[in-house]
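The next block is coords-v2.pdb, given as PDB, C-alpha atoms.
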ATOM      1  CA  PRO A 161     128.721  85.311 110.630  1.00  0.00           C
ATOM      2  CA  SER A 162     124.974  85.047 110.301  1.00  0.00           C
ATOM      3  CA  PRO A 163     123.135  88.124 109.040  1.00  0.00           C
ATOM      4  CA  LEU A 164     120.523  87.330 111.704  1.00  0.00           C
ATOM      5  CA  GLY A 165     122.823  87.402 114.713  1.00  0.00           C
ATOM      6  CA  PRO A 166     126.226  88.294 116.088  1.00  0.00           C
ATOM      7  CA  PRO A 167     129.393  86.445 115.080  1.00  0.00           C
ATOM      8  CA  GLY A 168     129.740  83.208 116.977  1.00  0.00           C
ATOM      9  CA  GLY A 169     125.948  82.834 117.266  1.00  0.00           C
ATOM     10  CA  SER A 170     124.273  79.478 117.578  1.00  0.00           C
ATOM     11  CA  ARG A 171     124.338  76.922 114.783  1.00  0.00           C
ATOM     12  CA  SER A 172     120.575  77.354 114.237  1.00  0.00           C
ATOM     13  CA  SER A 173     120.911  81.110 113.695  1.00  0.00           C
ATOM     14  CA  SER A 174     123.716  80.460 111.190  1.00  0.00           C
ATOM     15  CA  THR A 175     121.533  77.946 109.389  1.00  0.00           C
ATOM     16  CA  ALA A 176     118.581  80.346 109.404  1.00  0.00           C
ATOM     17  CA  GLY A 177     120.781  83.148 108.124  1.00  0.00           C
ATOM     18  CA  GLY A 178     122.198  80.899 105.436  1.00  0.00           C
ATOM     19  CA  LEU A 179     118.734  79.821 104.351  1.00  0.00           C
ATOM     20  CA  LEU A 180     117.496  83.401 104.284  1.00  0.00           C
ATOM     21  CA  GLY A 181     120.555  84.434 102.285  1.00  0.00           C
ATOM     22  CA  ALA A 182     120.069  81.593  99.808  1.00  0.00           C
ATOM     23  CA  TYR A 183     116.375  82.421  99.506  1.00  0.00           C
ATOM     24  CA  ASN A 184     117.112  86.108  98.870  1.00  0.00           C
ATOM     25  CA  ALA A 185     119.747  85.199  96.267  1.00  0.00           C
ATOM     26  CA  LEU A 186     117.222  82.961  94.530  1.00  0.00           C
ATOM     27  CA  LEU A 187     114.659  85.780  94.603  1.00  0.00           C
ATOM     28  CA  ASP A 188     117.222  88.129  93.066  1.00  0.00           C
ATOM     29  CA  ARG A 189     117.847  85.666  90.228  1.00  0.00           C
ATOM     30  CA  SER A 190     114.249  84.657  89.538  1.00  0.00           C
ATOM     31  CA  ALA A 191     111.569  86.316  91.649  1.00  0.00           C
ATOM     32  CA  ILE A 192     108.780  85.186  89.323  1.00  0.00           C
ATOM     33  CA  GLY A 193     110.081  81.616  89.254  1.00  0.00           C
ATOM     34  CA  VAL A 194     110.249  81.521  93.051  1.00  0.00           C
ATOM     35  CA  ALA A 195     106.751  82.990  93.305  1.00  0.00           C
ATOM     36  CA  ALA A 196     105.381  80.424  90.835  1.00  0.00           C
ATOM     37  CA  THR A 197     107.018  77.527  92.676  1.00  0.00           C
ATOM     38  CA  GLN A 198     105.894  78.750  96.102  1.00  0.00           C
ATOM     39  CA  ALA A 199     102.322  79.337  94.956  1.00  0.00           C
ATOM     40  CA  SER A 200     102.134  75.912  93.340  1.00  0.00           C
ATOM     41  CA  LEU A 201     103.501  74.174  96.441  1.00  0.00           C
ATOM     42  CA  MET A 202     101.153  76.107  98.748  1.00  0.00           C
ATOM     43  CA  ARG A 203      98.185  75.154  96.580  1.00  0.00           C
ATOM     44  CA  VAL A 204      99.235  71.484  96.693  1.00  0.00           C
ATOM     45  CA  ALA A 205      99.566  71.608 100.490  1.00  0.00           C
ATOM     46  CA  GLY A 206      96.277  73.476 100.835  1.00  0.00           C
ATOM     47  CA  ASP A 207      94.417  71.153  98.504  1.00  0.00           C
ATOM     48  CA  ARG A 208      95.715  68.007 100.200  1.00  0.00           C
ATOM     49  CA  THR A 209      94.718  69.477 103.570  1.00  0.00           C
ATOM     50  CA  ALA A 210      91.240  70.352 102.268  1.00  0.00           C
ATOM     51  CA  GLN A 211      90.854  66.831 100.866  1.00  0.00           C
ATOM     52  CA  ALA A 212      91.965  65.280 104.167  1.00  0.00           C
ATOM     53  CA  ILE A 213      89.339  67.379 105.959  1.00  0.00           C
ATOM     54  CA  ALA A 214      86.699  66.330 103.420  1.00  0.00           C
ATOM     55  CA  ILE A 215      87.617  62.652 103.859  1.00  0.00           C
ATOM     56  CA  THR A 216      87.549  62.966 107.653  1.00  0.00           C
ATOM     57  CA  HIS A 217      84.063  64.491 107.519  1.00  0.00           C
ATOM     58  CA  GLY A 218      82.763  62.004 104.947  1.00  0.00           C
ATOM     59  CA  ALA A 219      82.373  64.534 102.124  1.00  0.00           C
ATOM     60  CA  GLN A 220      84.663  62.442  99.889  1.00  0.00           C
ATOM     61  CA  THR A 221      86.044  58.929 100.167  1.00  0.00           C
ATOM     62  CA  SER A 222      89.525  59.243  98.671  1.00  0.00           C
ATOM     63  CA  VAL A 223      92.169  61.720  97.556  1.00  0.00           C
ATOM     64  CA  HIS A 224      91.633  63.151  94.069  1.00  0.00           C
ATOM     65  CA  PRO A 225      95.102  63.832  92.600  1.00  0.00           C
ATOM     66  CA  GLU A 226      93.587  65.502  89.525  1.00  0.00           C
ATOM     67  CA  HIS A 227      92.110  68.177  91.819  1.00  0.00           C
ATOM     68  CA  THR A 228      95.505  68.705  93.452  1.00  0.00           C
ATOM     69  CA  LEU A 229      97.163  68.979  90.036  1.00  0.00           C
ATOM     70  CA  ALA A 230      94.577  71.528  88.866  1.00  0.00           C
ATOM     71  CA  MET A 231      95.152  73.603  92.017  1.00  0.00           C
ATOM     72  CA  ALA A 232      98.928  73.395  91.488  1.00  0.00           C
ATOM     73  CA  LEU A 233      98.725  74.470  87.836  1.00  0.00           C
ATOM     74  CA  ILE A 234      96.428  77.397  88.490  1.00  0.00           C
ATOM     75  CA  GLY A 235      98.513  78.289  91.532  1.00  0.00           C
ATOM     76  CA  MET A 236     101.667  78.364  89.443  1.00  0.00           C
ATOM     77  CA  PHE A 237     100.296  80.458  86.600  1.00  0.00           C
ATOM     78  CA  VAL A 238      97.670  82.657  88.247  1.00  0.00           C
ATOM     79  CA  SER A 239      98.838  83.153  91.831  1.00  0.00           C
ATOM     80  CA  GLY A 240     102.554  82.704  91.187  1.00  0.00           C
ATOM     81  CA  ILE A 241     103.330  84.338  87.869  1.00  0.00           C
ATOM     82  CA  GLY A 242     100.207  86.509  87.577  1.00  0.00           C
ATOM     83  CA  GLY A 243     100.232  87.512  91.234  1.00  0.00           C
ATOM     84  CA  SER A 244     103.918  88.394  91.104  1.00  0.00           C
ATOM     85  CA  LEU A 245     103.463  90.556  88.011  1.00  0.00           C
ATOM     86  CA  TRP A 246     100.370  92.158  89.556  1.00  0.00           C
ATOM     87  CA  LEU A 247     102.216  93.066  92.776  1.00  0.00           C
ATOM     88  CA  GLN A 248     105.106  94.512  90.772  1.00  0.00           C
ATOM     89  CA  ALA A 249     102.662  96.647  88.768  1.00  0.00           C
ATOM     90  CA  LEU A 250     100.906  97.703  91.972  1.00  0.00           C
ATOM     91  CA  GLU A 251     104.203  98.738  93.579  1.00  0.00           C
ATOM     92  CA  ASN A 252     105.176 100.641  90.424  1.00  0.00           C
ATOM     93  CA  HIS A 253     101.793 102.379  90.187  1.00  0.00           C
ATOM     94  CA  VAL A 254     101.247 103.315  93.837  1.00  0.00           C
ATOM     95  CA  GLY A 255     104.881 103.362  94.854  1.00  0.00           C
ATOM     96  CA  PRO A 256     107.007 101.249  97.159  1.00  0.00           C
ATOM     97  CA  THR A 257     106.285 103.382 100.220  1.00  0.00           C
ATOM     98  CA  GLU A 258     105.015 101.802 103.413  1.00  0.00           C
ATOM     99  CA  ALA A 259     102.818 104.772 104.403  1.00  0.00           C
ATOM    100  CA  MET A 260      99.407 103.718 105.735  1.00  0.00           C
ATOM    101  CA  ALA A 261      97.501 105.676 103.055  1.00  0.00           C
ATOM    102  CA  ASP A 262      99.443 103.826 100.355  1.00  0.00           C
ATOM    103  CA  ALA A 263      98.920 100.501 102.141  1.00  0.00           C
ATOM    104  CA  VAL A 264      95.146 101.082 102.176  1.00  0.00           C
ATOM    105  CA  ARG A 265      95.185 102.044  98.500  1.00  0.00           C
ATOM    106  CA  LYS A 266      97.239  98.955  97.542  1.00  0.00           C
ATOM    107  CA  ALA A 267      95.050  96.621  99.604  1.00  0.00           C
ATOM    108  CA  ALA A 268      91.876  98.087  98.089  1.00  0.00           C
ATOM    109  CA  LEU A 269      93.239  97.878  94.537  1.00  0.00           C
ATOM    110  CA  ASP A 270      94.311  94.295  95.129  1.00  0.00           C
ATOM    111  CA  PHE A 271      90.832  93.358  96.383  1.00  0.00           C
ATOM    112  CA  ILE A 272      88.973  95.191  93.606  1.00  0.00           C
ATOM    113  CA  CYS A 273      91.246  94.440  90.627  1.00  0.00           C
ATOM    114  CA  TRP A 274      93.252  91.256  91.190  1.00  0.00           C
ATOM    115  CA  ALA A 275      91.253  89.140  93.649  1.00  0.00           C
ATOM    116  CA  PRO A 276      88.205  88.693  91.374  1.00  0.00           C
ATOM    117  CA  VAL A 277      90.411  87.557  88.489  1.00  0.00           C
ATOM    118  CA  ALA A 278      92.423  85.096  90.572  1.00  0.00           C
ATOM    119  CA  ASN A 279      89.414  83.724  92.450  1.00  0.00           C
ATOM    120  CA  CYS A 280      87.453  83.188  89.231  1.00  0.00           C
ATOM    121  CA  ALA A 281      90.441  81.349  87.774  1.00  0.00           C
ATOM    122  CA  TYR A 282      90.271  78.840  90.636  1.00  0.00           C
ATOM    123  CA  LEU A 283      86.483  78.622  90.933  1.00  0.00           C
ATOM    124  CA  LEU A 284      86.076  78.088  87.192  1.00  0.00           C
ATOM    125  CA  GLY A 285      89.397  76.509  86.244  1.00  0.00           C
ATOM    126  CA  VAL A 286      89.733  73.769  88.841  1.00  0.00           C
ATOM    127  CA  PRO A 287      86.296  72.208  88.241  1.00  0.00           C
ATOM    128  CA  TYR A 288      86.762  72.486  84.479  1.00  0.00           C
ATOM    129  CA  ILE A 289      90.225  70.896  84.504  1.00  0.00           C
ATOM    130  CA  VAL A 290      88.993  68.094  86.764  1.00  0.00           C
ATOM    131  CA  SER A 291      85.702  67.332  84.998  1.00  0.00           C
ATOM    132  CA  GLY A 292      85.823  68.923  81.544  1.00  0.00           C
ATOM    133  CA  ASP A 293      82.288  70.177  82.248  1.00  0.00           C
ATOM    134  CA  MET A 294      82.113  73.911  81.510  1.00  0.00           C
ATOM    135  CA  THR A 295      78.464  74.179  82.602  1.00  0.00           C
ATOM    136  CA  GLY A 296      79.295  72.711  86.023  1.00  0.00           C
ATOM    137  CA  ALA A 297      82.402  74.882  86.302  1.00  0.00           C
ATOM    138  CA  LEU A 298      80.370  78.024  85.511  1.00  0.00           C
ATOM    139  CA  ALA A 299      77.734  77.021  88.074  1.00  0.00           C
ATOM    140  CA  ASN A 300      80.481  76.558  90.681  1.00  0.00           C
ATOM    141  CA  ALA A 301      82.005  79.951  89.902  1.00  0.00           C
ATOM    142  CA  GLN A 302      78.596  81.643  90.139  1.00  0.00           C
ATOM    143  CA  SER A 303      77.629  80.017  93.426  1.00  0.00           C
ATOM    144  CA  GLN A 304      81.028  80.360  95.120  1.00  0.00           C
ATOM    145  CA  PHE A 305      82.229  83.767  93.896  1.00  0.00           C
ATOM    146  CA  LEU A 306      80.670  86.005  96.565  1.00  0.00           C
ATOM    147  CA  PRO A 307      81.478  83.693  99.502  1.00  0.00           C
ATOM    148  CA  THR A 308      85.053  83.401  98.233  1.00  0.00           C
ATOM    149  CA  MET A 309      85.384  87.177  97.927  1.00  0.00           C
ATOM    150  CA  GLY A 310      84.158  87.361 101.528  1.00  0.00           C
ATOM    151  CA  LEU A 311      86.971  85.024 102.559  1.00  0.00           C
ATOM    152  CA  GLU A 312      89.372  87.121 100.520  1.00  0.00           C
ATOM    153  CA  LEU A 313      88.236  90.241 102.344  1.00  0.00           C
ATOM    154  CA  ALA A 314      88.480  88.594 105.768  1.00  0.00           C
ATOM    155  CA  LEU A 315      91.933  87.067 105.210  1.00  0.00           C
ATOM    156  CA  TYR A 316      93.840  89.110 102.677  1.00  0.00           C
ATOM    157  CA  MET A 317      92.645  92.616 103.506  1.00  0.00           C
ATOM    158  CA  PRO A 318      94.171  92.532 107.020  1.00  0.00           C
ATOM    159  CA  TYR A 319      97.254  90.710 105.715  1.00  0.00           C
ATOM    160  CA  ASN A 320      97.734  93.207 102.869  1.00  0.00           C
ATOM    161  CA  LEU A 321      97.300  96.196 105.176  1.00  0.00           C
ATOM    162  CA  LEU A 322      99.990  94.753 107.442  1.00  0.00           C
ATOM    163  CA  ALA A 323     102.260  93.680 104.591  1.00  0.00           C
ATOM    164  CA  PHE A 324     102.022  96.909 102.614  1.00  0.00           C
ATOM    165  CA  SER A 325     102.655  99.048 105.712  1.00  0.00           C
ATOM    166  CA  VAL A 326     105.234  96.992 107.654  1.00  0.00           C
ATOM    167  CA  VAL A 327     106.829  94.226 105.587  1.00  0.00           C
ATOM    168  CA  PRO A 328     109.554  95.351 103.148  1.00  0.00           C
ATOM    169  CA  PRO A 329     108.724  94.480  99.500  1.00  0.00           C
ATOM    170  CA  ALA A 330     111.605  91.984  99.284  1.00  0.00           C
ATOM    171  CA  LEU A 331     110.154  89.908 102.152  1.00  0.00           C
ATOM    172  CA  ARG A 332     106.499  89.989 101.050  1.00  0.00           C
ATOM    173  CA  PRO A 333     106.659  86.881  98.832  1.00  0.00           C
ATOM    174  CA  ALA A 334     107.822  84.759 101.773  1.00  0.00           C
ATOM    175  CA  THR A 335     105.406  86.211 104.331  1.00  0.00           C
ATOM    176  CA  ALA A 336     102.515  85.950 101.888  1.00  0.00           C
ATOM    177  CA  GLN A 337     102.919  82.178 101.851  1.00  0.00           C
ATOM    178  CA  VAL A 338     101.361  81.861 105.311  1.00  0.00           C
ATOM    179  CA  ALA A 339      98.199  83.629 104.140  1.00  0.00           C
ATOM    180  CA  CYS A 340      98.413  81.694 100.857  1.00  0.00           C
ATOM    181  CA  LEU A 341      98.410  78.344 102.637  1.00  0.00           C
ATOM    182  CA  ILE A 342      95.362  79.225 104.724  1.00  0.00           C
ATOM    183  CA  PHE A 343      93.485  80.572 101.701  1.00  0.00           C
ATOM    184  CA  SER A 344      94.519  77.515  99.657  1.00  0.00           C
ATOM    185  CA  VAL A 345      92.719  75.212 102.068  1.00  0.00           C
ATOM    186  CA  LEU A 346      89.613  77.398 102.011  1.00  0.00           C
ATOM    187  CA  ILE A 347      89.419  77.886  98.248  1.00  0.00           C
ATOM    188  CA  ALA A 348      90.185  74.201  97.557  1.00  0.00           C
ATOM    189  CA  MET A 349      87.018  73.379  99.494  1.00  0.00           C
ATOM    190  CA  ARG A 350      85.050  75.639  97.143  1.00  0.00           C
ATOM    191  CA  CYS A 351      86.368  74.172  93.881  1.00  0.00           C
TER     192      CYS A 351
END

Will you turn the file into structure tokens for me?
Amino acid sequence: PSPLGPPGGSRSSSTAGGLLGAYNALLDRSAIGVAATQASLMRVAGDRTAQAIAITHGAQTSVHPEHTLAMALIGMFVSGIGGSLWLQALENHVGPTEAMADAVRKAALDFICWAPVANCAYLLGVPYIVSGDMTGALANAQSQFLPTMGLELALYMPYNLLAFSVVPPALRPATAQVACLIFSVLIAMRC
């Protein structure tokens, strides 16, 4: 029987339950590996979407695979591995409770401590990987840092408050991917 429904449930609920079970088993075996893979794939999807938007609006004429690769690499190492280790440390420091006071504290710590590091990695790293021009990459990071932190505040603060107060820790990596995809499109446009 599906863990999502009663015995004899529909085929789709059995499939969903099987997928959720397989996903949870994979998380149990390699949470950091799953996080790294998910983050990389979300950054690829977000970057390709951002490039399609840029092409549609005439801001660029073709897809730049080197930009997508840079987003994927930074996504894997910074958002995936680094973000996973950061969230584990945050849970260990503040505690795994879902009380609203703890959710506010976790969301604030994430915004103050982790977001600047991760955002700078993208704003500096992607242009540098693509062009090899450190001066241009630094100029991009300087001009885009505050607007990107504003996006971070607008998107991730509400998500984190919801996630840290309602979503069980084991399900946060999967639910975070929705916010990750949206943010990936937005930050890809700034790199």

Evaluating the PyMOL selection byres ((chain A and resi 315) around 12) on the displayed file yields which residues, as a ChimeraX atom specification?
/A:267,271,275,308-314,316-322,336,338-344,346-347

Generate a file of the selected residues that holds C-alpha atoms, formatted as a JSON list (two decimals), in the coordinates of the input.
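Result written to again.json:
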[["chain", "number", "residue", "atom", "x", "y", "z"],
["A", 267, "ALA", "CA", 95.05, 96.62, 99.60],
["A", 271, "PHE", "CA", 90.83, 93.36, 96.38],
["A", 275, "ALA", "CA", 91.25, 89.14, 93.65],
["A", 308, "THR", "CA", 85.05, 83.40, 98.23],
["A", 309, "MET", "CA", 85.38, 87.18, 97.93],
["A", 310, "GLY", "CA", 84.16, 87.36, 101.53],
["A", 311, "LEU", "CA", 86.97, 85.02, 102.56],
["A", 312, "GLU", "CA", 89.37, 87.12, 100.52],
["A", 313, "LEU", "CA", 88.24, 90.24, 102.34],
["A", 314, "ALA", "CA", 88.48, 88.59, 105.77],
["A", 316, "TYR", "CA", 93.84, 89.11, 102.68],
["A", 317, "MET", "CA", 92.64, 92.62, 103.51],
["A", 318, "PRO", "CA", 94.17, 92.53, 107.02],
["A", 319, "TYR", "CA", 97.25, 90.71, 105.72],
["A", 320, "ASN", "CA", 97.73, 93.21, 102.87],
["A", 321, "LEU", "CA", 97.30, 96.20, 105.18],
["A", 322, "LEU", "CA", 99.99, 94.75, 107.44],
["A", 336, "ALA", "CA", 102.52, 85.95, 101.89],
["A", 338, "VAL", "CA", 101.36, 81.86, 105.31],
["A", 339, "ALA", "CA", 98.20, 83.63, 104.14],
["A", 340, "CYS", "CA", 98.41, 81.69, 100.86],
["A", 341, "LEU", "CA", 98.41, 78.34, 102.64],
["A", 342, "ILE", "CA", 95.36, 79.22, 104.72],
["A", 343, "PHE", "CA", 93.48, 80.57, 101.70],
["A", 344, "SER", "CA", 94.52, 77.52, 99.66],
["A", 346, "LEU", "CA", 89.61, 77.40, 102.01],
["A", 347, "ILE", "CA", 89.42, 77.89, 98.25]]

Residues picked by the PyMOL selection byres ((chain A and resi 288-291) around 10) here, as a list in words?
His224, Pro225, Glu226, His227, Thr228, Leu229, Ala230, Met231, Leu233, Ile234, Tyr282, Leu283, Leu284, Gly285, Val286, Pro287, Gly292, Asp293, Met294, Thr295, Gly296, Ala297, Leu298, Asn300 and Cys351 of chain A

Could you take the residues named above and write them with C-alpha atoms, as an mmCIF file, keeping the file's coordinate frame?
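File again.cif, as written:
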data_model
loop_
_atom_site.group_PDB
_atom_site.id
_atom_site.type_symbol
_atom_site.label_atom_id
_atom_site.label_comp_id
_atom_site.auth_asym_id
_atom_site.auth_seq_id
_atom_site.Cartn_x
_atom_site.Cartn_y
_atom_site.Cartn_z
ATOM 1 C CA HIS A 224 91.633 63.151 94.069
ATOM 2 C CA PRO A 225 95.102 63.832 92.600
ATOM 3 C CA GLU A 226 93.587 65.502 89.525
ATOM 4 C CA HIS A 227 92.110 68.177 91.819
ATOM 5 C CA THR A 228 95.505 68.705 93.452
ATOM 6 C CA LEU A 229 97.163 68.979 90.036
ATOM 7 C CA ALA A 230 94.577 71.528 88.866
ATOM 8 C CA MET A 231 95.152 73.603 92.017
ATOM 9 C CA LEU A 233 98.725 74.470 87.836
ATOM 10 C CA ILE A 234 96.428 77.397 88.490
ATOM 11 C CA TYR A 282 90.271 78.840 90.636
ATOM 12 C CA LEU A 283 86.483 78.622 90.933
ATOM 13 C CA LEU A 284 86.076 78.088 87.192
ATOM 14 C CA GLY A 285 89.397 76.509 86.244
ATOM 15 C CA VAL A 286 89.733 73.769 88.841
ATOM 16 C CA PRO A 287 86.296 72.208 88.241
ATOM 17 C CA GLY A 292 85.823 68.923 81.544
ATOM 18 C CA ASP A 293 82.288 70.177 82.248
ATOM 19 C CA MET A 294 82.113 73.911 81.510
ATOM 20 C CA THR A 295 78.464 74.179 82.602
ATOM 21 C CA GLY A 296 79.295 72.711 86.023
ATOM 22 C CA ALA A 297 82.402 74.882 86.302
ATOM 23 C CA LEU A 298 80.370 78.024 85.511
ATOM 24 C CA ASN A 300 80.481 76.558 90.681
ATOM 25 C CA CYS A 351 86.368 74.172 93.881
#

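Minimum distance to A:Cys280 across A:Val254, A:Ala185, A:Val238, A:Val264 (counting all atoms listed in the file) occurs at A:Val238.
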
Find the axis-aligned box for stretch 231-234 of chain A, covering all its listed atoms and adding 5 Å on each side, and write its centre and edge lengths in Å to one decimal as JSON.
{"center_x": 97.0, "center_y": 75.4, "center_z": 89.9, "size_x": 13.8, "size_y": 14.0, "size_z": 14.2}

For a quick check of understanding, using all atoms listed in the file, which of A:Ala278, A:Ala301, A:Leu331, A:Leu187 has the smallest distance to A:Gly243?
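When distances to A:Gly243 are compared using all atoms listed in the file, the smallest one comes from A:Ala278.
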
Applying 7 Å and all atoms listed in the file, which residues near A:Thr209 remain after dropping the ones on its own chain fewer than 4 positions away? List them as a CSV table (one decimal) with C-alpha atoms, in the coordinates of the input.
chain,number,residue,atom,x,y,z
A,205,ALA,CA,99.6,71.6,100.5
A,213,ILE,CA,89.3,67.4,106.0
A,345,VAL,CA,92.7,75.2,102.1

Output the residue selection produced by the PyMOL selection byres ((chain A and resi 239) around 9) on the file above, formatted as a compact mmCIF listing (two decimals) with C-alpha atoms, keeping the file's coordinate frame.
# COMPACT_ATOMS: atom_id res chain seq x y z
CA ALA A 195 106.75 82.99 93.30
CA ALA A 196 105.38 80.42 90.84
CA ALA A 199 102.32 79.34 94.96
CA SER A 200 102.13 75.91 93.34
CA ILE A 234 96.43 77.40 88.49
CA GLY A 235 98.51 78.29 91.53
CA MET A 236 101.67 78.36 89.44
CA PHE A 237 100.30 80.46 86.60
CA VAL A 238 97.67 82.66 88.25
CA GLY A 240 102.55 82.70 91.19
CA ILE A 241 103.33 84.34 87.87
CA GLY A 242 100.21 86.51 87.58
CA GLY A 243 100.23 87.51 91.23
CA SER A 244 103.92 88.39 91.10
CA ALA A 278 92.42 85.10 90.57

Pick from A:Gln337, A:Thr216, A:Asn279, A:Thr221 nearest to A:Gln198, counting all atoms listed in the file
A:Gln337
